[in-house]
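**Student:** Below you'll find structure01.txt; it's compact mmCIF, C-alpha atoms.
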# COMPACT_ATOMS: atom_id res chain seq x y z
CA MET A 675 -10.10 -32.36 5.27
CA PRO A 676 -8.97 -32.25 1.62
CA ILE A 677 -5.25 -31.99 0.97
CA MET A 678 -4.28 -28.39 0.13
CA THR A 679 -2.67 -28.29 -3.31
CA SER A 680 -1.43 -25.34 -5.27
CA PRO A 681 -4.21 -23.91 -7.47
CA ASP A 682 -3.54 -23.25 -11.14
CA VAL A 683 -3.46 -19.57 -11.91
CA ILE A 684 -5.04 -18.56 -15.20
CA SER A 685 -2.47 -17.04 -17.52
CA THR A 686 -3.01 -13.53 -18.81
CA ASN A 687 -1.46 -14.62 -22.14
CA ILE A 688 0.36 -11.30 -22.07
CA GLN A 689 4.11 -11.57 -21.86
CA GLY A 690 6.36 -8.88 -20.46
CA LEU A 691 4.05 -7.29 -17.88
CA ARG A 692 5.80 -5.15 -15.27
CA TRP A 693 4.74 -3.34 -12.12
CA PRO A 694 6.56 0.03 -12.17
CA ALA A 695 8.29 1.08 -8.97
CA GLU A 696 6.60 3.77 -6.91
CA TRP A 697 9.42 6.25 -7.54
CA GLU A 698 8.91 6.08 -11.32
CA PRO A 699 7.00 9.11 -12.75
CA HIS A 700 3.26 9.23 -12.06
CA SER A 701 0.52 10.69 -14.22
CA ALA A 702 -1.63 10.90 -11.08
CA THR A 703 -2.11 9.83 -7.49
CA TRP A 704 -5.47 8.38 -6.44
CA LEU A 705 -7.12 9.22 -3.11
CA THR A 706 -10.57 8.47 -1.69
CA TRP A 707 -12.06 11.36 0.27
CA PRO A 708 -12.68 10.17 3.87
CA HIS A 709 -16.24 9.57 5.04
CA ASN A 710 -16.28 6.44 7.22
CA THR A 711 -16.36 7.75 10.78
CA TYR A 712 -15.98 4.22 12.19
CA ASP A 713 -12.42 4.12 10.87
CA TRP A 714 -11.52 7.14 13.01
CA PRO A 715 -13.72 6.92 16.13
CA ALA A 716 -13.88 10.22 18.03
CA LYS A 717 -11.16 11.62 15.76
CA PHE A 718 -12.83 12.04 12.37
CA SER A 719 -13.08 15.84 12.26
CA PRO A 720 -9.36 16.48 11.49
CA ILE A 721 -9.06 13.70 8.90
CA PRO A 722 -10.33 15.65 5.85
CA TYR A 723 -7.80 18.38 6.64
CA VAL A 724 -4.97 15.83 6.67
CA PHE A 725 -6.18 14.72 3.23
CA SER A 726 -6.05 18.32 2.09
CA GLU A 727 -2.40 18.39 3.18
CA PHE A 728 -1.78 15.32 1.03
CA CYS A 729 -3.34 17.17 -1.89
CA ARG A 730 -1.34 20.34 -1.26
CA ILE A 731 1.95 18.48 -1.62
CA LEU A 732 0.88 16.06 -4.36
CA THR A 733 -0.49 18.75 -6.68
CA ARG A 734 2.95 20.35 -6.86
CA GLY A 735 4.02 17.55 -9.15
CA GLU A 736 1.02 15.62 -10.44
CA THR A 737 -2.73 15.42 -10.79
CA VAL A 738 -4.76 14.13 -7.85
CA ARG A 739 -7.66 11.90 -8.83
CA LEU A 740 -10.00 12.09 -5.88
CA ILE A 741 -12.84 9.61 -5.41
CA VAL A 742 -15.88 11.18 -3.73
CA LYS A 743 -18.72 9.03 -2.46
CA ASN A 744 -21.62 11.42 -3.01
CA ALA A 745 -22.63 15.08 -3.48
CA PHE A 746 -21.89 15.91 0.16
CA ALA A 747 -18.34 14.55 -0.13
CA ARG A 748 -17.83 16.49 -3.36
CA LYS A 749 -18.94 19.78 -1.81
CA GLN A 750 -16.97 19.19 1.38
CA SER A 751 -13.78 18.31 -0.48
CA GLU A 752 -14.05 21.30 -2.81
CA ARG A 753 -14.71 23.67 0.09
CA ILE A 754 -11.82 22.42 2.22
CA LEU A 755 -9.36 22.25 -0.66
CA LYS A 756 -10.29 25.73 -1.84
CA ASN A 757 -9.98 27.18 1.68
CA GLU A 758 -6.55 25.55 2.01
CA GLY A 759 -5.39 27.25 -1.20
CA ILE A 760 -5.03 24.05 -3.20
CA PRO A 761 -5.37 24.50 -7.00
CA LEU A 762 -8.65 22.80 -7.88
CA GLU A 763 -7.58 22.54 -11.53
CA LYS A 764 -5.07 19.90 -10.37
CA ILE A 765 -7.86 17.86 -8.72
CA GLU A 766 -10.01 15.51 -10.79
CA LEU A 767 -13.13 14.31 -8.97
CA PHE A 768 -14.29 10.76 -9.60
CA HIS A 769 -17.78 9.92 -8.33
CA ALA A 770 -18.22 6.39 -6.93
CA PRO A 771 -19.69 4.86 -3.76
CA THR A 772 -17.03 3.53 -1.40
CA ASN A 773 -16.90 1.79 1.97
CA ARG A 774 -13.57 3.20 3.14
CA SER A 775 -10.61 5.33 2.01
CA TRP A 776 -7.80 2.74 1.93
CA ILE A 777 -7.27 2.84 -1.82
CA ARG A 778 -3.84 1.22 -1.63
CA ASP A 779 -5.69 -2.00 -0.85
CA ASN A 780 -8.95 -1.76 -2.77
CA GLY A 781 -7.84 0.36 -5.73
CA PRO A 782 -6.32 -0.73 -9.02
CA ILE A 783 -2.68 -1.79 -9.18
CA PHE A 784 -1.44 -0.33 -12.45
CA ILE A 785 1.00 -2.39 -14.50
CA LYS A 786 2.60 -1.89 -17.91
CA LYS A 787 3.83 -3.68 -20.97
CA GLY A 788 6.15 -1.25 -22.70
CA THR A 789 4.16 1.98 -22.79
CA GLN A 790 0.73 0.29 -22.53
CA LEU A 791 -0.97 0.73 -19.17
CA PHE A 792 -3.19 -1.98 -17.63
CA VAL A 793 -5.40 -2.19 -14.54
CA THR A 794 -5.11 -5.34 -12.47
CA ASP A 795 -8.38 -5.91 -10.65
CA TRP A 796 -7.79 -8.06 -7.57
CA LYS A 797 -10.70 -8.99 -5.35
CA PHE A 798 -10.91 -6.90 -2.19
CA ASN A 799 -12.68 -8.42 0.82
CA ALA A 800 -11.69 -5.92 3.55
CA TRP A 801 -8.66 -7.92 4.67
CA ALA A 802 -10.85 -10.98 5.33
CA ARG A 803 -11.91 -9.13 8.47
CA TYR A 804 -14.81 -6.72 7.92
CA PRO A 805 -18.21 -7.37 6.29
CA ASP A 806 -18.51 -4.12 4.32
CA TRP A 807 -16.34 -4.16 1.20
CA GLN A 808 -18.66 -4.57 -1.77
CA TRP A 809 -18.45 -0.97 -3.05
CA ASP A 810 -14.70 -0.83 -2.60
CA ASN A 811 -14.33 -4.01 -4.61
CA GLU A 812 -15.83 -2.28 -7.66
CA ILE A 813 -13.34 0.61 -7.79
CA PRO A 814 -10.70 -0.90 -10.14
CA LYS A 815 -13.36 -1.86 -12.71
CA LEU A 816 -14.94 1.60 -12.56
CA ILE A 817 -11.58 3.34 -13.01
CA ALA A 818 -10.60 1.07 -15.90
CA GLY A 819 -13.94 1.78 -17.60
CA LYS A 820 -13.82 5.54 -17.08
CA TYR A 821 -10.29 5.92 -18.45
CA LYS A 822 -10.57 3.11 -21.03
CA ILE A 823 -7.60 1.21 -19.60
CA PRO A 824 -7.35 -2.52 -20.41
CA HIS A 825 -8.61 -4.50 -17.44
CA LEU A 826 -7.03 -7.76 -16.18
CA ILE A 827 -8.73 -9.95 -13.55
CA PRO A 828 -6.39 -12.51 -11.94
CA ARG A 829 -8.26 -15.77 -11.34
CA TYR A 830 -7.46 -19.29 -10.19
CA HIS A 831 -9.10 -22.72 -10.24
CA PHE A 832 -9.64 -24.43 -6.89
CA ARG A 833 -11.97 -27.27 -5.89
CA GLY A 834 -13.75 -27.10 -9.23
CA LYS A 835 -14.46 -23.37 -9.09
CA GLN A 836 -12.91 -20.34 -10.73
CA ARG A 837 -12.13 -17.60 -8.22
CA GLN A 838 -10.80 -14.07 -8.38
CA VAL A 839 -7.49 -13.73 -6.52
CA VAL A 840 -7.69 -11.63 -3.34
CA LEU A 841 -4.75 -9.27 -2.95
CA GLU A 842 -4.16 -5.86 -1.34
CA GLY A 843 -1.59 -3.36 -2.57
CA GLY A 844 -0.22 -2.82 0.93
CA SER A 845 0.80 -6.48 1.20
CA ILE A 846 3.46 -6.20 -1.52
CA ASP A 847 6.30 -3.87 -2.47
CA SER A 848 8.53 -4.02 -5.55
CA ASN A 849 11.66 -2.46 -7.00
CA GLY A 850 10.07 -2.34 -10.46
CA ALA A 851 12.81 -4.58 -11.85
CA GLY A 852 11.80 -8.11 -10.83
CA THR A 853 12.05 -8.35 -7.03
CA LEU A 854 9.15 -8.18 -4.58
CA LEU A 855 8.74 -8.04 -0.78
CA THR A 856 5.83 -9.57 1.13
CA THR A 857 5.11 -11.41 4.39
CA GLU A 858 4.13 -14.94 5.30
CA GLU A 859 1.80 -13.60 7.99
CA CYS A 860 -0.38 -11.84 5.44
CA LEU A 861 -0.35 -14.16 2.44
CA LEU A 862 0.22 -17.63 3.94
CA SER A 863 -1.34 -17.54 7.41
CA LYS A 864 -4.58 -19.36 8.19
CA LYS A 865 -5.76 -16.28 10.06
CA GLN A 866 -7.60 -13.75 7.86
CA ARG A 867 -6.98 -16.14 4.99
CA ARG A 868 -7.60 -14.45 1.65
CA ASN A 869 -7.09 -17.35 -0.76
CA PRO A 870 -7.54 -20.79 0.86
CA GLY A 871 -5.06 -23.31 -0.51
CA PHE A 872 -2.52 -20.81 -1.81
CA LEU A 873 1.09 -21.81 -1.25
CA ARG A 874 4.32 -19.89 -1.82
CA GLU A 875 4.67 -21.27 -5.32
CA THR A 876 1.10 -20.20 -6.13
CA TRP A 877 1.82 -16.63 -5.15
CA GLU A 878 5.13 -16.62 -6.97
CA LYS A 879 3.36 -17.79 -10.12
CA VAL A 880 0.83 -14.96 -9.72
CA PHE A 881 3.56 -12.38 -9.15
CA LEU A 882 5.47 -13.56 -12.22
CA GLN A 883 2.45 -13.51 -14.51
CA PHE A 884 0.99 -10.16 -13.48
CA PHE A 885 3.97 -8.18 -12.16
CA GLY A 886 6.98 -9.68 -13.93
CA ILE A 887 8.45 -10.70 -10.57
CA ARG A 888 11.27 -13.23 -10.70
CA LYS A 889 12.26 -13.16 -7.03
CA THR A 890 9.93 -12.90 -4.02
CA ILE A 891 11.48 -12.20 -0.62
CA TRP A 892 9.27 -13.56 2.14
CA LEU A 893 9.48 -11.74 5.46
CA LYS A 894 7.80 -13.34 8.48
CA ASN A 895 5.48 -11.18 10.60
CA GLY A 896 4.17 -7.64 10.59
CA LEU A 897 3.65 -5.05 13.31
CA THR A 898 1.50 -5.75 16.31
CA GLY A 899 -1.80 -3.86 16.11
CA ASP A 900 -1.99 -4.16 12.32
CA ASP A 901 -5.52 -5.23 11.45
CA THR A 902 -4.41 -6.27 7.95
CA HIS A 903 -2.42 -9.10 9.58
CA GLY A 904 1.05 -8.35 8.27
CA HIS A 905 1.14 -5.77 5.48
CA VAL A 906 4.68 -5.20 4.30
CA ASP A 907 4.29 -1.46 3.71
CA ASP A 908 4.63 -0.91 7.47
CA LEU A 909 7.82 -3.00 7.56
CA ALA A 910 10.13 -2.77 4.55
CA ARG A 911 10.12 -0.66 1.39
CA PHE A 912 12.29 -0.42 -1.69
CA VAL A 913 13.64 3.10 -2.24
CA ASN A 914 15.66 2.16 -5.32
CA LYS A 915 16.39 -1.04 -7.23
CA ASN A 916 18.77 -2.44 -4.62
CA THR A 917 18.04 -0.55 -1.37
CA VAL A 918 15.39 -1.45 1.19
CA VAL A 919 14.55 0.63 4.25
CA ALA A 920 13.29 -1.66 7.00
CA VAL A 921 11.90 -0.78 10.42
CA ARG A 922 13.68 -1.91 13.54
CA GLU A 923 12.61 -1.84 17.19
CA TYR A 924 15.55 -1.25 19.55
CA ASN A 925 13.70 -1.78 22.82
CA ARG A 926 14.22 -5.46 23.67
CA LYS A 927 11.12 -5.44 25.87
CA ASP A 928 8.83 -4.30 23.05
CA ILE A 929 6.59 -6.92 21.44
CA ASN A 930 7.87 -5.92 17.98
CA TYR A 931 11.54 -6.43 18.86
CA ASN A 932 11.99 -10.10 17.92
CA PRO A 933 9.75 -10.20 14.81
CA LEU A 934 11.47 -7.14 13.32
CA LEU A 935 14.92 -8.48 14.14
CA GLU A 936 14.00 -11.71 12.33
CA ASN A 937 12.86 -9.71 9.29
CA GLN A 938 16.14 -7.77 9.30
CA LYS A 939 18.09 -11.02 9.26
CA ILE A 940 16.04 -12.31 6.31
CA LEU A 941 16.65 -9.12 4.34
CA LYS A 942 20.38 -9.10 5.05
CA SER A 943 20.76 -12.64 3.74
CA ALA A 944 18.37 -12.17 0.79
CA ARG A 945 19.33 -11.73 -2.84
CA ASP A 946 17.42 -9.96 -5.60
CA HIS A 947 16.31 -11.50 -8.90
CA GLN A 948 19.85 -11.10 -10.25
CA GLY A 949 21.40 -12.79 -7.23
CA LYS A 950 22.75 -9.55 -5.83
CA GLN A 951 22.76 -8.65 -2.14
CA LEU A 952 20.44 -5.85 -1.06
CA ASN A 953 21.51 -2.67 0.70
CA ILE A 954 19.50 -2.58 3.95
CA VAL A 955 18.91 0.72 5.76
CA GLU A 956 17.46 0.51 9.26
CA LEU A 957 14.56 2.81 10.11
CA PRO A 958 13.40 3.30 13.71
CA LEU A 959 9.83 3.08 14.92
CA PRO A 960 8.17 5.84 16.94
CA LYS A 961 7.37 5.15 20.55
CA PRO A 962 4.24 2.98 20.84
CA VAL A 963 1.02 4.77 19.92
CA TYR A 964 -2.17 3.72 21.73
CA TYR A 965 -5.83 4.59 21.61
CA ARG A 966 -8.01 3.27 24.45
CA LYS A 967 -5.26 0.77 25.31
CA GLN A 968 -5.13 -0.53 21.73
CA ARG A 969 -1.67 -0.59 20.15
CA LEU A 970 -1.69 1.04 16.71
CA PRO A 971 0.69 0.19 13.82
CA ALA A 972 2.54 3.52 13.71
CA SER A 973 5.46 3.26 11.30
CA TYR A 974 7.65 5.64 9.33
CA ALA A 975 7.85 2.99 6.58
CA ASN A 976 4.32 3.87 5.49
CA PHE A 977 5.61 6.77 3.36
CA TYR A 978 4.54 7.57 -0.20
CA ILE A 979 6.93 8.53 -3.01
CA ALA A 980 5.22 11.18 -5.15
CA ASN A 981 6.61 13.09 -8.13
CA SER A 982 7.29 16.23 -6.13
CA ALA A 983 8.18 14.87 -2.68
CA VAL A 984 8.16 11.93 -0.30
CA LEU A 985 5.26 12.13 2.18
CA VAL A 986 6.27 10.61 5.52
CA PRO A 987 4.00 10.01 8.55
CA VAL A 988 5.25 11.62 11.76
CA PHE A 989 3.84 11.30 15.26
CA ASN A 990 5.23 14.11 17.45
CA ASP A 991 7.89 11.66 18.54
CA GLU A 992 11.60 12.11 19.17
CA ASN A 993 12.34 9.62 16.38
CA ASP A 994 10.49 11.75 13.79
CA ARG A 995 13.66 13.73 13.10
CA VAL A 996 15.79 10.58 12.93
CA ALA A 997 13.44 8.88 10.46
CA LEU A 998 13.11 11.96 8.25
CA THR A 999 16.90 12.30 8.08
CA ILE A 1000 17.35 8.64 7.12
CA LEU A 1001 14.67 8.83 4.43
CA ALA A 1002 15.97 12.15 3.09
CA GLU A 1003 19.35 10.54 2.50
CA ALA A 1004 17.90 7.31 1.08
CA LEU A 1005 15.51 9.10 -1.29
CA SER A 1006 17.67 12.05 -2.29
CA PRO A 1007 17.21 14.33 -4.21
CA LYS A 1008 13.44 14.24 -3.61
CA PRO A 1009 12.40 16.50 -0.72
CA VAL A 1010 11.03 14.60 2.28
CA VAL A 1011 7.97 16.11 3.98
CA GLY A 1012 6.64 14.97 7.35
CA ILE A 1013 2.86 14.93 7.79
CA TYR A 1014 1.34 14.59 11.25
CA CYS A 1015 -0.47 11.24 11.35
CA ARG A 1016 -1.23 10.57 14.98
CA ASP A 1017 -4.92 11.03 14.18
CA ILE A 1018 -4.76 9.17 10.85
CA ILE A 1019 -3.14 6.10 12.44
CA LEU A 1020 -6.25 5.57 14.55
CA GLY A 1021 -7.67 4.02 11.37
CA GLN A 1022 -4.79 1.49 11.57
CA GLY A 1023 -3.19 2.80 8.40
CA SER A 1024 -1.30 5.83 7.22
CA ILE A 1025 -0.12 7.73 4.13
CA HIS A 1026 0.87 4.81 1.92
CA CYS A 1027 -2.36 2.99 2.74
CA LEU A 1028 -4.37 6.01 1.59
CA THR A 1029 -2.63 6.59 -1.75
CA GLN A 1030 -2.26 4.72 -5.05
CA GLN A 1031 0.03 5.77 -7.88
CA GLN A 1032 -0.90 5.73 -11.56
CA PRO A 1033 2.23 5.62 -13.71
CA TYR A 1034 2.54 7.17 -17.15
When written as C-alpha cells, how does the structure in this file appear?
**Tutor:**
Amino acid sequence: MPIMTSPDVISTNIQGLRWPAEWEPHSATWLTWPHNTYDWPAKFSPIPYVFSEFCRILTRGETVRLIVKNAFARKQSERILKNEGIPLEKIELFHAPTNRSWIRDNGPIFIKKGTQLFVTDWKFNAWARYPDWQWDNEIPKLIAGKYKIPHLIPRYHFRGKQRQVVLEGGSIDSNGAGTLLTTEECLLSKKQRRNPGFLRETWEKVFLQFFGIRKTIWLKNGLTGDDTHGHVDDLARFVNKNTVVAVREYNRKDINYNPLLENQKILKSARDHQGKQLNIVELPLPKPVYYRKQRLPASYANFYIANSAVLVPVFNDENDRVALTILAEALSPKPVVGIYCRDIILGQGSIHCLTQQQPY
C-alpha cells in the first residue's frame, strides 16, 4: 500500500477570503423542497408542512430561495405555502433537479472578500454512503451561474490526479473570525472516507485558503445514529465569536455519554485563533429517539440562526424547555422558536441540515 502523504491543495490566489458566521446578516436562506420519500419512510406526508413552518419564520426577516425539483414540487410548494398564509413575494423559486433536501451539505458555502461574495463548490458524494448524489452535486454551480456569483472549486493533487475536494457544510462550524470546529470521525476516519490521503494539515491548509481559518479545533466523535459519520452541527456550535454551545449526555449508561464528555474536555482546553479560551455552554440532549429500533441523531444543537429568529428542533421531550432556555440566553436578543422535528429527524438530520445561509 502506498504511503499516505498530505496532498497539495491548489491555491485560490485570492487573499483575505472569509467565511461569515451564521449570525451575520443574510440576504437569503436556501431550502430544497422535500420530495425524496426514502429519506422519511412512512412519515413523508407531514414533512412539506414542517418546511412551510421554516418558511413562515424565515420570511419575517429575509428572502427564502426555495429549490424545487419539478413542476409538481413547484405547484405543491406554492399551494401549501399559500394555504399557510406565507407571503409568496418573499419566496424565490429556483428550478433544479435534486436527489435530496439536505442543502447544508450539498449546497454552496458562501464566502467573502470584503464585500465581494463567492460560491465555494465542494464535491458532494452523499456522505460517501449513498449512490444517488449526482444532481445534488450540481447545485452550487447552478446557483453561482444564476446569480452571477464568482465560483471557486477547491481541488487537490493526489497520486498524479487532480481532484475536487469533498466537503459538507454540516461537518464544519465557524465563528467567522478565524476559528473552526470539526470532528476527526468525519474528516479523518477511514470509514465513509471523503478524501483518501487527507491529513489534519491538509484540511487546515484548505480551511485557511478558502475560509480564512487560522485555528481548527478537532473534536473526536459524533452522535450515534448519525449517518454522516460525525457531523459537528449535531455536537457543538458557535453562537458568538468566543462562545460554543456543546451537547452533553448526562446518563452514564447512554452510548453517547463518553464521546460527548471527551468532546467537552477538548473544548474546555481549546484556544481560539488568538489564543483565548472559549466560553463553553452545555446543552442537553433529548431522550433517545428511535424508529424501528434505529437510534436517530436527535440534537438541539442542530439549530439555525436566521435574521429574524433562531429555529431550534424540539422533540416533545422534557428537555425541550431546558434547551430553549439555554439557547435563548446564549443567542439573546434574537427570539428562539422551537419547531417540532420528531418526524424530520427520521431523515437523520434536522433544521440546520436543511438550511443554508447566503450572506450579504
**Student:** Nearest to Leu970 of chain A: which of A:Cys1015, A:Ala997, A:Val1010, A:Ile785 is it, counting only C-alpha atoms?
**Tutor:**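 Of A:Cys1015, A:Ala997, A:Val1010, A:Ile785, the one nearest Leu970 of chain A, counting only C-alpha atoms, is A:Cys1015.
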**Student:** Using all atoms listed in the file, which residues sit within 6 Å of Tyr1014 of chain A once same-chain residues fewer than 4 positions away are excluded, as a ChimeraX atom specification?
**Tutor:** /A:987-989
**Student:** A:Arg945, A:Lys786, A:Lys889, A:Lys927: which is nearest Leu691 of chain A, counting only C-alpha atoms?
**Tutor:**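 Result for the nearest residue to Leu691 of chain A: A:Lys786.
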**Student:** Between atom CA of Asp946 of chain A and atom CA of Val921 of chain A, measure the distance and give it in Å to one decimal.
**Tutor:** 19.3 Å
**Student:** Quick one: which segment 685-710 of chain A residues come within 6 Å of segment 731-743 of chain A, and what is the nearest atom pair for each with the distance in Å to one decimal, counting only C-alpha atoms, rows ordered by chain and ascending number, as a tab-separated table?
**Tutor:**
residue	atom	partner	partner_atom	distance
A:Ala702	CA	A:Thr737	CA	4.7
A:Thr703	CA	A:Val738	CA	5.1
A:Trp704	CA	A:Arg739	CA	4.8
A:Leu705	CA	A:Leu740	CA	4.9
A:Thr706	CA	A:Ile741	CA	4.5
A:Trp707	CA	A:Val742	CA	5.5
**Student:** Could you list, as a ChimeraX atom specification, every residue within 10 Å of His1026 of chain A, counting only C-alpha atoms and ignoring same-chain residues fewer than 5 positions away?
**Tutor:** /A:776-779,843-844,907-908,975-979,985-987,1031
**Student:** Just give me the gap between atom CA of Asn895 of chain A and atom CA of Glu859 of chain A in Å, one decimal is fine.
**Tutor:**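 That distance, rounded to one decimal, is 5.1 Å.
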**Student:** Find the spatial neighbours of segment 909-918 of chain A, counting all atoms listed in the file, within a cut-off of 6 Å - ignore same-chain residues fewer than 4 positions away - and output them as a VMD selection string.
**Tutor:** chain A and resid 849 952 to 954
**Student:** Between A:Phe872, A:Tyr964, A:Phe881, A:Tyr924, which one has atoms that come closest to Gly899 of chain A, using all atoms listed in the file?
**Tutor:**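 Among the listed residues, the smallest separation from Gly899 of chain A belongs to A:Tyr964.
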**Student:** Find the distance between atom CA of Val793 of chain A and atom CA of Leu826 of chain A and write it in Å to one decimal.
**Tutor:** 6.0 Å
**Student:** Which neighbours of Ile754 of chain A fall inside 8 Å, counting all atoms listed in the file, when residues of the same chain fewer than 6 positions from it are skipped, and could you give them as number ranges by chain?
**Tutor:** A: 722-723, 726
**Student:** With distances taken over all atoms listed in the file, which of A:Ile887, A:Leu941, A:Leu959, A:Cys1027 is nearest to Leu998 of chain A?
**Tutor:**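 Closest candidate: A:Leu959.
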**Student:** Between A:Arg837, A:Lys822, A:His709, A:Lys942, which one has atoms that come closest to Asn773 of chain A, using only C-alpha atoms?
**Tutor:** A:His709
**Student:** Taking (-8.9, 14.8, 7.9) in the file's own coordinates, collect the residues within 12 Å, counting all atoms listed in the file, and hand them back as a PDB file with C-alpha atoms, keeping the file's coordinate frame.
**Tutor:**
ATOM      1  CA  THR A 706     -10.570   8.470  -1.690  1.00  0.00           C
ATOM      2  CA  TRP A 707     -12.060  11.360   0.270  1.00  0.00           C
ATOM      3  CA  PRO A 708     -12.680  10.170   3.870  1.00  0.00           C
ATOM      4  CA  HIS A 709     -16.240   9.570   5.040  1.00  0.00           C
ATOM      5  CA  ASN A 710     -16.280   6.440   7.220  1.00  0.00           C
ATOM      6  CA  THR A 711     -16.360   7.750  10.780  1.00  0.00           C
ATOM      7  CA  ASP A 713     -12.420   4.120  10.870  1.00  0.00           C
ATOM      8  CA  TRP A 714     -11.520   7.140  13.010  1.00  0.00           C
ATOM      9  CA  LYS A 717     -11.160  11.620  15.760  1.00  0.00           C
ATOM     10  CA  PHE A 718     -12.830  12.040  12.370  1.00  0.00           C
ATOM     11  CA  SER A 719     -13.080  15.840  12.260  1.00  0.00           C
ATOM     12  CA  PRO A 720      -9.360  16.480  11.490  1.00  0.00           C
ATOM     13  CA  ILE A 721      -9.060  13.700   8.900  1.00  0.00           C
ATOM     14  CA  PRO A 722     -10.330  15.650   5.850  1.00  0.00           C
ATOM     15  CA  TYR A 723      -7.800  18.380   6.640  1.00  0.00           C
ATOM     16  CA  VAL A 724      -4.970  15.830   6.670  1.00  0.00           C
ATOM     17  CA  PHE A 725      -6.180  14.720   3.230  1.00  0.00           C
ATOM     18  CA  SER A 726      -6.050  18.320   2.090  1.00  0.00           C
ATOM     19  CA  GLU A 727      -2.400  18.390   3.180  1.00  0.00           C
ATOM     20  CA  PHE A 728      -1.780  15.320   1.030  1.00  0.00           C
ATOM     21  CA  CYS A 729      -3.340  17.170  -1.890  1.00  0.00           C
ATOM     22  CA  GLN A 750     -16.970  19.190   1.380  1.00  0.00           C
ATOM     23  CA  SER A 751     -13.780  18.310  -0.480  1.00  0.00           C
ATOM     24  CA  ILE A 754     -11.820  22.420   2.220  1.00  0.00           C
ATOM     25  CA  LEU A 755      -9.360  22.250  -0.660  1.00  0.00           C
ATOM     26  CA  SER A 775     -10.610   5.330   2.010  1.00  0.00           C
ATOM     27  CA  ILE A1013       2.860  14.930   7.790  1.00  0.00           C
ATOM     28  CA  TYR A1014       1.340  14.590  11.250  1.00  0.00           C
ATOM     29  CA  CYS A1015      -0.470  11.240  11.350  1.00  0.00           C
ATOM     30  CA  ARG A1016      -1.230  10.570  14.980  1.00  0.00           C
ATOM     31  CA  ASP A1017      -4.920  11.030  14.180  1.00  0.00           C
ATOM     32  CA  ILE A1018      -4.760   9.170  10.850  1.00  0.00           C
ATOM     33  CA  ILE A1019      -3.140   6.100  12.440  1.00  0.00           C
ATOM     34  CA  LEU A1020      -6.250   5.570  14.550  1.00  0.00           C
ATOM     35  CA  GLY A1021      -7.670   4.020  11.370  1.00  0.00           C
ATOM     36  CA  SER A1024      -1.300   5.830   7.220  1.00  0.00           C
ATOM     37  CA  ILE A1025      -0.120   7.730   4.130  1.00  0.00           C
ATOM     38  CA  LEU A1028      -4.370   6.010   1.590  1.00  0.00           C
TER      39      LEU A1028
END
**Student:** Hey, what's within 12 Å of Tyr821 of chain A if we count all atoms listed in the file and toss same-chain stuff fewer than 5 positions away? As a PyMOL selection string, please?
**Tutor:** chain A and resi 739+768+791-793+814-816+1032
